[in-house]
Amino acid sequence: MTLGVIISKLLGLDNYASSAILVVLCIKHTKVHSLQAINSRLVSCFLVLFLGSAIFSLLGQNAIVLGLIVLLFIPLTVVLKVQEGVITSCVILLHVFNAKAINLHLIINETLLLIIGLSIAFIMNLMMPSLDKKLDQFKCQIENQIADVFNQFSYICQKYNETIALEFDDLLLKIKKAKSIAFRDVKNHFVRNENSYYHYFDMREEQVELLIRMKPLLENISHHDPLLDDLSKLLTEIGQNVNSNDYTAMRLHNLYELRLKLDQLPLPTSHQALNSRASVIQILNELEEYLQIKSQFGSLKMHSEIT
């Protein structure tokens with residue numbers, strides 16, 4: 001902003017302070033949005049510069065003509081889809097309105113103001129820091145919370161008479177925030193249409209939905225089932241390897257071994273045992289889907305290379 005004023009003043013431009021306004025109006029929260037804003041303002045400003053110069057030269061520089069130009073100009077920006085630059089264009093229009101003479105010097109002066117202001121805004125947006133560090137922090141926090149969930153699930157398999165004091169609201173909210181930042185990060189890259197972090201957090205959201213479905217199933221276990229010890233061990237292993245990229249195949253293998261073991265077990269002999277066995281079987285189904293979701297996604301690095 002200050003740099004724009006200094007450069008404009010050194011070049012001896014009229015209305016040099018206006019370059020600061022152009023800088024401020026073109027700085028956006030993402031690089032792509034900034035480029036779109038610069039493009040809209042550039043088109044609309046040149047449009048109003050030439051339109052205003054022509055009409056003021058024909059009809060004179062008075063308030064009624066100024067209002068007429070604005071009435072003509074705004075619909076034109078909508079047709080050209082550059083209405084975002086209307087406010088900036090009004091600054092240029094007022095320069096033309098207040099000019100002592102409408103000539104080539106005025107047009108060159110306004111053009112240089114535009115180039116200086118928009119160029120500085122573009123450079124400042126290019127310097128916008130990457131969001132990768134923040135996304136990595138969200139990734140670690142979410143993985144730690146999912147690991148804690150599995151540790152609690154494992155504990156309940158051993159102490160199945162206890163209730164699970166576990167809430168998922170904070171975890172889901174964190175995932176939604178992370179997805180929002182990941183989506184914004186896409187707009188910070190001119191050649192990137194997708195963000196692998198966004199797909200990663202989307203994958204985690206699907207997995208958490210499965211964990212939510214597993215909680216009442218674990219709470220429904222009221223009888224010791226022979227598979228509970230093995231299930232507890234499997235849940236612990238998954239929890240210890242939440243952030244690993246190659247754990248899914250091994251854990252799926254362990255899960256299928258549990259299913260083979262299930263086929264060899266005698267049938268439950270009581271209603272409680274039957275309900276518990278049914279819950280265990282459904283938990284295995286949910287776990288299989290959980291692992292397959294991660295297996296289909298692959299690693300974050302590999303997914304980034306693909307997209």
# chains A, B, ... in the order shown; residues from 1 in each chain; ligands from 1

$ residues_around --residues "Leu66 in chain A" --least-positions-apart "5" --cutoff "12 Å" --atoms "only C-alpha atoms" --output "list of chain:residue names"
A:Val48, A:Leu51, A:Gly52, A:Ser53, A:Ala54, A:Ile55, A:Phe56, A:Ser57, A:Leu59, A:Gly60, A:Gln61, A:Leu71, A:Leu72, A:Phe73, A:Cys90, A:Leu93, A:Leu94, A:His95, A:Val96, A:Phe97, A:Asn98

$ write_last_selection --atoms "N, CA, C and O atoms" --output "short mmCIF file (atom, residue, chain, number, x, y, z; two decimals), in the first residue's frame"
data_model
loop_
_atom_site.label_atom_id
_atom_site.label_comp_id
_atom_site.auth_asym_id
_atom_site.auth_seq_id
_atom_site.Cartn_x
_atom_site.Cartn_y
_atom_site.Cartn_z
N VAL A 48 -14.44 2.06 -17.84
CA VAL A 48 -14.96 3.34 -17.34
C VAL A 48 -14.05 4.51 -17.72
O VAL A 48 -14.53 5.64 -17.91
N LEU A 51 -15.00 5.12 -21.42
CA LEU A 51 -16.41 5.53 -21.48
C LEU A 51 -16.58 6.92 -20.86
O LEU A 51 -17.24 7.80 -21.45
N GLY A 52 -15.97 7.13 -19.70
CA GLY A 52 -16.07 8.42 -19.03
C GLY A 52 -15.41 9.54 -19.82
O GLY A 52 -15.96 10.64 -19.94
N SER A 53 -14.23 9.25 -20.38
CA SER A 53 -13.52 10.26 -21.17
C SER A 53 -14.35 10.70 -22.38
O SER A 53 -14.45 11.90 -22.68
N ALA A 54 -14.97 9.73 -23.06
CA ALA A 54 -15.76 10.03 -24.25
C ALA A 54 -17.02 10.84 -23.90
O ALA A 54 -17.32 11.86 -24.54
N ILE A 55 -17.76 10.39 -22.87
CA ILE A 55 -19.02 11.05 -22.53
C ILE A 55 -18.79 12.43 -21.91
O ILE A 55 -19.50 13.40 -22.22
N PHE A 56 -17.78 12.53 -21.03
CA PHE A 56 -17.48 13.84 -20.43
C PHE A 56 -17.02 14.85 -21.50
O PHE A 56 -17.34 16.04 -21.42
N SER A 57 -16.29 14.35 -22.50
CA SER A 57 -15.84 15.24 -23.58
C SER A 57 -17.00 15.75 -24.41
O SER A 57 -17.00 16.90 -24.89
N LEU A 59 -20.49 15.74 -23.33
CA LEU A 59 -21.59 16.36 -22.57
C LEU A 59 -21.12 17.28 -21.44
O LEU A 59 -21.95 17.95 -20.82
N GLY A 60 -19.84 17.27 -21.17
CA GLY A 60 -19.32 18.13 -20.11
C GLY A 60 -19.18 17.40 -18.79
O GLY A 60 -19.81 16.36 -18.55
N GLN A 61 -18.35 17.97 -17.89
CA GLN A 61 -18.06 17.34 -16.60
C GLN A 61 -18.94 17.94 -15.52
O GLN A 61 -18.58 18.90 -14.85
N LEU A 71 -24.99 4.99 -14.43
CA LEU A 71 -26.16 4.19 -14.82
C LEU A 71 -25.89 3.33 -16.04
O LEU A 71 -26.41 2.21 -16.17
N LEU A 72 -25.07 3.81 -16.96
CA LEU A 72 -24.69 3.03 -18.14
C LEU A 72 -23.63 1.99 -17.81
O LEU A 72 -23.63 0.87 -18.34
N PHE A 73 -22.72 2.38 -16.93
CA PHE A 73 -21.54 1.56 -16.66
C PHE A 73 -21.86 0.29 -15.87
O PHE A 73 -21.38 -0.80 -16.21
N CYS A 90 -15.06 3.39 -9.92
CA CYS A 90 -15.59 4.69 -9.51
C CYS A 90 -14.48 5.65 -9.10
O CYS A 90 -14.59 6.87 -9.29
N LEU A 93 -13.19 6.89 -12.36
CA LEU A 93 -14.21 7.78 -12.95
C LEU A 93 -14.18 9.17 -12.30
O LEU A 93 -14.29 10.19 -12.98
N LEU A 94 -13.98 9.21 -10.99
CA LEU A 94 -13.91 10.50 -10.28
C LEU A 94 -12.65 11.28 -10.67
O LEU A 94 -12.67 12.51 -10.69
N HIS A 95 -11.57 10.55 -10.97
CA HIS A 95 -10.36 11.22 -11.46
C HIS A 95 -10.65 11.92 -12.79
O HIS A 95 -10.23 13.06 -13.01
N VAL A 96 -11.35 11.22 -13.66
CA VAL A 96 -11.70 11.79 -14.97
C VAL A 96 -12.65 12.97 -14.77
O VAL A 96 -12.54 14.01 -15.44
N PHE A 97 -13.60 12.82 -13.84
CA PHE A 97 -14.59 13.87 -13.57
C PHE A 97 -13.92 15.15 -13.06
O PHE A 97 -14.31 16.27 -13.42
N ASN A 98 -12.89 14.98 -12.22
CA ASN A 98 -12.21 16.14 -11.62
C ASN A 98 -11.03 16.65 -12.45
O ASN A 98 -10.41 17.66 -12.07
#

$ residues_around --residues "Leu106 in chain A" --least-positions-apart "2" --cutoff "10 Å" --atoms "only C-alpha atoms" --output "list in words"
Leu13, Asp14, Leu49, Ser53, His95, Val96, Ala99, Lys100, Ala101, Ile102, Asn103, Leu104, Ile108, Asn109, Glu110, Thr111 and Leu112 of chain A

$ select_by_dssp --residues "range 107-162 of chain A" --states "alpha helix (DSSP H)" --output "VMD selection string"
chain A and resid 107 to 126 132 to 158
